[in-house]
file protein_39.txt (compact mmCIF, N, CA and C atoms)
# COMPACT_ATOMS: atom_id res chain seq x y z
N MET A 10 11.67 79.20 -55.73
CA MET A 10 11.86 78.92 -54.32
C MET A 10 13.35 78.65 -54.08
N SER A 11 13.86 79.22 -53.02
CA SER A 11 15.28 79.03 -52.72
C SER A 11 15.48 77.71 -51.98
N TRP A 12 16.75 77.25 -51.96
CA TRP A 12 17.08 76.02 -51.24
C TRP A 12 16.86 76.19 -49.74
N ARG A 13 17.15 77.39 -49.24
CA ARG A 13 16.95 77.67 -47.81
C ARG A 13 15.47 77.55 -47.45
N ARG A 14 14.61 78.13 -48.29
CA ARG A 14 13.16 78.06 -48.03
C ARG A 14 12.69 76.62 -48.05
N LEU A 15 13.17 75.82 -48.99
CA LEU A 15 12.80 74.41 -49.06
C LEU A 15 13.24 73.66 -47.80
N ARG A 16 14.48 73.94 -47.35
CA ARG A 16 14.98 73.30 -46.13
C ARG A 16 14.11 73.67 -44.92
N VAL A 17 13.75 74.93 -44.78
CA VAL A 17 12.92 75.38 -43.66
C VAL A 17 11.55 74.71 -43.71
N LEU A 18 10.97 74.60 -44.88
CA LEU A 18 9.67 73.95 -45.02
C LEU A 18 9.74 72.48 -44.61
N ILE A 19 10.79 71.79 -45.05
CA ILE A 19 10.93 70.36 -44.71
C ILE A 19 11.18 70.19 -43.22
N GLN A 20 11.99 71.07 -42.61
CA GLN A 20 12.29 70.95 -41.18
C GLN A 20 11.05 71.15 -40.31
N HIS A 21 10.09 71.90 -40.79
CA HIS A 21 8.91 72.18 -39.98
C HIS A 21 7.70 71.34 -40.35
N LEU A 22 7.91 70.28 -41.11
CA LEU A 22 6.81 69.36 -41.41
C LEU A 22 6.49 68.54 -40.15
N PRO A 23 5.25 68.11 -40.00
CA PRO A 23 4.94 67.25 -38.86
C PRO A 23 5.63 65.89 -39.00
N PRO A 24 5.95 65.24 -37.89
CA PRO A 24 6.69 63.97 -37.97
C PRO A 24 5.98 62.88 -38.77
N GLU A 25 4.65 62.94 -38.83
CA GLU A 25 3.91 61.89 -39.54
C GLU A 25 3.73 62.19 -41.03
N SER A 26 4.34 63.27 -41.52
CA SER A 26 4.19 63.64 -42.93
C SER A 26 4.85 62.59 -43.83
N ALA A 27 4.40 62.54 -45.08
CA ALA A 27 4.94 61.56 -46.03
C ALA A 27 6.42 61.82 -46.31
N THR A 28 6.81 63.09 -46.36
CA THR A 28 8.21 63.42 -46.65
C THR A 28 9.14 62.94 -45.54
N LEU A 29 8.80 63.26 -44.28
CA LEU A 29 9.66 62.83 -43.18
C LEU A 29 9.63 61.32 -43.00
N THR A 30 8.50 60.69 -43.28
CA THR A 30 8.43 59.23 -43.22
C THR A 30 9.35 58.61 -44.25
N ALA A 31 9.36 59.16 -45.46
CA ALA A 31 10.25 58.65 -46.52
C ALA A 31 11.71 58.87 -46.14
N LEU A 32 12.03 60.03 -45.53
CA LEU A 32 13.41 60.28 -45.10
C LEU A 32 13.84 59.30 -44.00
N ARG A 33 12.94 59.02 -43.06
CA ARG A 33 13.25 58.05 -41.99
C ARG A 33 13.43 56.65 -42.57
N ASN A 34 12.60 56.28 -43.52
CA ASN A 34 12.70 54.94 -44.13
C ASN A 34 13.99 54.77 -44.90
N ALA A 35 14.57 55.86 -45.39
CA ALA A 35 15.81 55.80 -46.16
C ALA A 35 17.05 55.84 -45.27
N MET A 36 16.88 56.10 -43.96
CA MET A 36 18.03 56.18 -43.06
C MET A 36 18.58 54.80 -42.74
N PRO A 37 19.89 54.70 -42.54
CA PRO A 37 20.48 53.42 -42.12
C PRO A 37 20.03 53.08 -40.69
N GLU A 38 20.07 51.79 -40.37
CA GLU A 38 19.63 51.32 -39.04
C GLU A 38 20.44 51.94 -37.91
N GLU A 39 21.74 52.16 -38.13
CA GLU A 39 22.59 52.73 -37.08
C GLU A 39 22.13 54.14 -36.72
N ASP A 40 21.79 54.95 -37.74
CA ASP A 40 21.33 56.31 -37.50
C ASP A 40 19.99 56.32 -36.77
N LEU A 41 19.11 55.41 -37.15
CA LEU A 41 17.81 55.32 -36.47
C LEU A 41 18.00 54.92 -35.00
N ALA A 42 18.89 53.98 -34.74
CA ALA A 42 19.14 53.55 -33.35
C ALA A 42 19.73 54.69 -32.54
N ARG A 43 20.65 55.46 -33.13
CA ARG A 43 21.26 56.59 -32.42
C ARG A 43 20.21 57.66 -32.12
N GLN A 44 19.33 57.93 -33.06
CA GLN A 44 18.28 58.92 -32.83
C GLN A 44 17.29 58.44 -31.77
N ALA A 45 17.00 57.14 -31.74
CA ALA A 45 16.07 56.61 -30.74
C ALA A 45 16.65 56.72 -29.34
N GLU A 46 17.97 56.55 -29.20
CA GLU A 46 18.61 56.66 -27.89
C GLU A 46 18.54 58.09 -27.35
N ASN A 47 18.68 59.07 -28.23
CA ASN A 47 18.72 60.47 -27.83
C ASN A 47 17.37 61.16 -27.94
N ALA A 48 16.31 60.40 -28.14
CA ALA A 48 14.99 61.01 -28.34
C ALA A 48 14.49 61.66 -27.07
N GLU A 49 13.93 62.83 -27.22
CA GLU A 49 13.29 63.56 -26.12
C GLU A 49 11.94 64.06 -26.63
N PRO A 50 10.90 63.22 -26.58
CA PRO A 50 9.61 63.63 -27.16
C PRO A 50 9.00 64.84 -26.48
N GLU A 51 9.36 65.09 -25.22
CA GLU A 51 8.79 66.24 -24.53
C GLU A 51 9.34 67.57 -25.06
N ARG A 52 10.41 67.53 -25.86
CA ARG A 52 10.97 68.76 -26.42
C ARG A 52 10.46 69.02 -27.84
N ASP A 53 9.63 68.13 -28.34
CA ASP A 53 9.12 68.26 -29.70
C ASP A 53 7.87 69.15 -29.72
N ARG A 54 7.43 69.51 -30.91
CA ARG A 54 6.21 70.30 -31.06
C ARG A 54 5.00 69.38 -30.96
N TRP A 55 3.98 69.84 -30.25
CA TRP A 55 2.74 69.08 -30.15
C TRP A 55 1.60 69.94 -30.66
N SER A 56 0.66 69.31 -31.34
CA SER A 56 -0.53 70.01 -31.78
C SER A 56 -1.56 69.99 -30.65
N LYS A 57 -2.64 70.71 -30.84
CA LYS A 57 -3.71 70.71 -29.84
C LYS A 57 -4.28 69.31 -29.67
N LEU A 58 -4.37 68.57 -30.76
CA LEU A 58 -4.90 67.21 -30.69
C LEU A 58 -4.02 66.33 -29.80
N GLU A 59 -2.71 66.44 -29.95
CA GLU A 59 -1.81 65.64 -29.13
C GLU A 59 -1.92 66.01 -27.65
N HIS A 60 -2.07 67.31 -27.36
CA HIS A 60 -2.27 67.73 -25.97
C HIS A 60 -3.57 67.15 -25.41
N LEU A 61 -4.63 67.18 -26.20
CA LEU A 61 -5.91 66.65 -25.73
C LEU A 61 -5.85 65.13 -25.53
N VAL A 62 -5.20 64.44 -26.44
CA VAL A 62 -5.08 62.98 -26.30
C VAL A 62 -4.27 62.61 -25.06
N SER A 63 -3.20 63.36 -24.79
CA SER A 63 -2.41 63.07 -23.59
C SER A 63 -3.20 63.39 -22.33
N LEU A 64 -4.03 64.42 -22.36
CA LEU A 64 -4.89 64.75 -21.23
C LEU A 64 -5.89 63.62 -20.98
N VAL A 65 -6.49 63.11 -22.04
CA VAL A 65 -7.44 61.99 -21.90
C VAL A 65 -6.72 60.75 -21.37
N ALA A 66 -5.53 60.48 -21.87
CA ALA A 66 -4.77 59.32 -21.40
C ALA A 66 -4.43 59.46 -19.91
N ASP A 67 -4.06 60.66 -19.49
CA ASP A 67 -3.75 60.89 -18.06
C ASP A 67 -4.98 60.67 -17.19
N ARG A 68 -6.11 61.16 -17.66
CA ARG A 68 -7.34 61.01 -16.86
C ARG A 68 -7.82 59.57 -16.82
N VAL A 69 -7.68 58.84 -17.91
CA VAL A 69 -8.06 57.42 -17.91
C VAL A 69 -7.14 56.65 -16.96
N ALA A 70 -5.85 56.97 -16.97
CA ALA A 70 -4.92 56.31 -16.05
C ALA A 70 -5.28 56.61 -14.60
N ARG A 71 -5.71 57.84 -14.33
CA ARG A 71 -6.11 58.22 -12.97
C ARG A 71 -7.37 57.47 -12.55
N VAL A 72 -8.34 57.35 -13.46
CA VAL A 72 -9.57 56.60 -13.15
C VAL A 72 -9.23 55.13 -12.88
N GLU A 73 -8.34 54.57 -13.67
CA GLU A 73 -7.92 53.18 -13.47
C GLU A 73 -7.25 53.03 -12.10
N TYR A 74 -6.41 53.98 -11.73
CA TYR A 74 -5.73 53.95 -10.43
C TYR A 74 -6.75 54.01 -9.29
N VAL A 75 -7.72 54.90 -9.39
CA VAL A 75 -8.74 55.02 -8.34
C VAL A 75 -9.56 53.74 -8.26
N LEU A 76 -9.88 53.15 -9.40
CA LEU A 76 -10.65 51.91 -9.42
C LEU A 76 -9.88 50.77 -8.75
N ILE A 77 -8.59 50.69 -9.04
CA ILE A 77 -7.76 49.66 -8.41
C ILE A 77 -7.68 49.88 -6.91
N CYS A 78 -7.49 51.13 -6.49
CA CYS A 78 -7.41 51.44 -5.06
C CYS A 78 -8.72 51.14 -4.34
N ALA A 79 -9.84 51.43 -5.01
CA ALA A 79 -11.14 51.19 -4.39
C ALA A 79 -11.43 49.70 -4.23
N ASN A 80 -10.89 48.87 -5.10
CA ASN A 80 -11.15 47.44 -5.04
C ASN A 80 -10.01 46.63 -4.45
N THR A 81 -9.04 47.30 -3.85
CA THR A 81 -7.92 46.63 -3.22
C THR A 81 -8.19 46.53 -1.73
N ASP A 82 -7.85 45.37 -1.17
CA ASP A 82 -8.00 45.18 0.27
C ASP A 82 -7.18 46.22 1.02
N LYS A 83 -7.70 46.74 2.12
CA LYS A 83 -7.03 47.81 2.85
C LYS A 83 -5.69 47.38 3.44
N LYS A 84 -5.50 46.09 3.64
CA LYS A 84 -4.26 45.61 4.25
C LYS A 84 -3.13 45.46 3.23
N THR A 85 -3.46 45.42 1.96
CA THR A 85 -2.42 45.26 0.94
C THR A 85 -1.92 46.63 0.48
N LYS A 86 -0.71 46.61 -0.06
CA LYS A 86 -0.09 47.86 -0.52
C LYS A 86 -0.74 48.31 -1.82
N ARG A 87 -1.08 49.58 -1.86
CA ARG A 87 -1.67 50.15 -3.07
C ARG A 87 -0.57 50.53 -4.06
N PRO A 88 -0.91 50.52 -5.35
CA PRO A 88 0.10 50.89 -6.35
C PRO A 88 0.40 52.39 -6.29
N ASP A 89 1.52 52.77 -6.87
CA ASP A 89 1.86 54.19 -6.96
C ASP A 89 0.91 54.88 -7.93
N PRO A 90 0.58 56.14 -7.68
CA PRO A 90 -0.28 56.84 -8.64
C PRO A 90 0.41 56.99 -9.99
N PRO A 91 -0.36 57.05 -11.06
CA PRO A 91 0.25 57.14 -12.39
C PRO A 91 0.92 58.49 -12.61
N GLU A 92 2.00 58.47 -13.36
CA GLU A 92 2.68 59.71 -13.72
C GLU A 92 2.05 60.25 -15.00
N PRO A 93 1.82 61.56 -15.06
CA PRO A 93 1.25 62.11 -16.30
C PRO A 93 2.26 62.04 -17.44
N ILE A 94 1.74 62.02 -18.65
CA ILE A 94 2.58 62.02 -19.84
C ILE A 94 3.34 63.33 -19.90
N ARG A 95 4.62 63.26 -20.16
CA ARG A 95 5.43 64.48 -20.23
C ARG A 95 5.06 65.27 -21.47
N ARG A 96 4.84 66.56 -21.27
CA ARG A 96 4.46 67.44 -22.36
C ARG A 96 5.63 68.32 -22.77
N PRO A 97 5.63 68.80 -24.02
CA PRO A 97 6.72 69.66 -24.47
C PRO A 97 6.78 70.95 -23.66
N GLY A 98 7.99 71.32 -23.27
CA GLY A 98 8.19 72.57 -22.55
C GLY A 98 7.87 72.50 -21.08
N ALA A 99 7.41 71.37 -20.58
CA ALA A 99 7.06 71.23 -19.16
C ALA A 99 8.13 70.40 -18.48
N LYS A 100 8.54 70.85 -17.31
CA LYS A 100 9.52 70.09 -16.54
C LYS A 100 8.85 68.89 -15.89
N GLN A 101 9.65 67.86 -15.64
CA GLN A 101 9.12 66.66 -15.02
C GLN A 101 8.72 66.97 -13.58
N VAL A 102 7.55 66.49 -13.20
CA VAL A 102 7.05 66.74 -11.85
C VAL A 102 7.80 65.85 -10.87
N LYS A 103 8.33 66.48 -9.82
CA LYS A 103 9.04 65.71 -8.80
C LYS A 103 8.02 65.10 -7.85
N PRO A 104 8.23 63.85 -7.45
CA PRO A 104 7.28 63.24 -6.52
C PRO A 104 7.35 63.93 -5.16
N LYS A 105 6.20 63.97 -4.49
CA LYS A 105 6.14 64.58 -3.18
C LYS A 105 6.86 63.70 -2.17
N ALA A 106 7.50 64.33 -1.20
CA ALA A 106 8.21 63.59 -0.16
C ALA A 106 7.21 62.89 0.75
N GLN A 107 7.51 61.66 1.10
CA GLN A 107 6.65 60.88 1.98
C GLN A 107 7.24 60.89 3.39
N LEU A 108 6.40 61.08 4.38
CA LEU A 108 6.83 61.09 5.77
C LEU A 108 6.88 59.64 6.27
N THR A 109 8.07 59.17 6.60
CA THR A 109 8.22 57.81 7.10
C THR A 109 8.07 57.80 8.61
N GLU A 110 8.03 56.62 9.20
CA GLU A 110 7.90 56.49 10.65
C GLU A 110 9.11 57.09 11.36
N GLY A 111 10.31 56.82 10.84
CA GLY A 111 11.52 57.39 11.42
C GLY A 111 11.54 58.91 11.31
N GLY A 112 11.12 59.41 10.17
CA GLY A 112 11.05 60.86 9.98
C GLY A 112 10.03 61.50 10.90
N ALA A 113 8.91 60.83 11.11
CA ALA A 113 7.88 61.35 12.02
C ALA A 113 8.41 61.39 13.45
N ASN A 114 9.13 60.36 13.87
CA ASN A 114 9.70 60.34 15.22
C ASN A 114 10.73 61.45 15.39
N PHE A 115 11.59 61.65 14.39
CA PHE A 115 12.59 62.72 14.45
C PHE A 115 11.91 64.08 14.53
N LEU A 116 10.88 64.28 13.71
CA LEU A 116 10.16 65.55 13.72
C LEU A 116 9.48 65.77 15.08
N PHE A 117 8.93 64.73 15.67
CA PHE A 117 8.28 64.83 16.98
C PHE A 117 9.31 65.24 18.04
N LYS A 118 10.49 64.62 18.01
CA LYS A 118 11.54 64.98 18.96
C LYS A 118 12.03 66.40 18.74
N LEU A 119 12.16 66.80 17.48
CA LEU A 119 12.61 68.15 17.17
C LEU A 119 11.62 69.20 17.65
N ILE A 120 10.36 68.94 17.46
CA ILE A 120 9.33 69.89 17.90
C ILE A 120 9.28 69.99 19.40
N ASN A 121 9.49 68.89 20.10
CA ASN A 121 9.42 68.87 21.55
C ASN A 121 10.75 69.19 22.21
N GLY A 122 11.72 69.65 21.46
CA GLY A 122 12.98 70.08 22.02
C GLY A 122 13.96 68.96 22.33
N GLY A 123 13.74 67.79 21.79
CA GLY A 123 14.60 66.65 22.08
C GLY A 123 15.87 66.60 21.25
N ALA A 124 15.97 67.40 20.19
CA ALA A 124 17.12 67.34 19.31
C ALA A 124 18.23 68.28 19.75
N ALA A 125 18.00 69.10 20.77
CA ALA A 125 18.99 70.09 21.20
C ALA A 125 20.08 69.50 22.04
call {"tool": "encode", "arguments": {"input": "protein_39.txt", "output": "structure tokens"}}
result
Amino acid sequence: MSWRRLRVLIQHLPPESATLTALRNAMPEEDLARQAENAEPERDRWSKLEHLVSLVADRVARVEYVLICANTDKKTKRPDPPEPIRRPGAKQVKPKAQLTEGGANFLFKLINGGAA
């Protein structure tokens, strides 16, 4: 086996493998801290199991949100809906724009010709 082949095999091991765990345990604290600052888990490889677990976590969070909203008094402010777990290769979902009272009044004037 060539050194290049060995390097490629090690680079493509899953993060939880014994080899990568041993390499992480041997790293100095400064290197670990630097890697943690620059971590982007959404750019990493995910297995089918990880995709399914994140889907279950998103749905449980949504059920929890609906349960809280259903049991919250109508006069109190409801919490923001949960954000889904970021998946590899997927861009972050931008929140939808909310129509405020001022925006609604401006839109009403614009539609009725008041902005001209």
call {"tool": "closest_residue", "arguments": {"input": "protein_39.txt", "among": "A:Leu22, A:Pro91, A:Ser63, A:Pro97", "to": "Val75 (chain A)", "atoms": "only C-alpha atoms"}}
result
A:Pro91
call {"tool": "select_by_dssp", "arguments": {"input": "protein_39.txt", "residues": "chain A", "states": "helix (DSSP H, G or I)", "output": "ChimeraX atom specification"}}
result
/A:12-20,27-35,38-46,50-52,57-79,110-120
call {"tool": "closest_residue", "arguments": {"input": "protein_39.txt", "among": "A:Leu116, A:Leu41, A:Pro90, A:Asn121", "to": "Val72 (chain A)", "atoms": "only C-alpha atoms"}}
result
A:Pro90
call {"tool": "atom_distance", "arguments": {"input": "protein_39.txt", "atom1": "atom N of Tyr74 (chain A)", "atom2": "CA of Lys57 (chain A)"}}
result
24.8 Å
call {"tool": "atom_distance", "arguments": {"input": "protein_39.txt", "atom1": "atom C of Ala106 (chain A)", "atom2": "CA of His60 (chain A)"}}
result
28.8 Å
call {"tool": "atom_distance", "arguments": {"input": "protein_39.txt", "atom1": "CA of Arg87 (chain A)", "atom2": "atom N of Arg68 (chain A)"}}
result
18.8 Å
call {"tool": "axis_aligned_box", "arguments": {"input": "protein_39.txt", "around": "region 17-24 of chain A", "padding_each_side": "4 Å", "output": "AutoDock Vina command-line options"}}
result
--center_x 9.3 --center_y 69.1 --center_z -41.5 --size_x 16.8 --size_y 20.5 --size_z 15.2
call {"tool": "closest_residue", "arguments": {"input": "protein_39.txt", "among": "A:Arg54, A:Leu76, A:Glu38, A:Gln44", "to": "His21 (chain A)", "atoms": "only C-alpha atoms"}}
result
A:Arg54
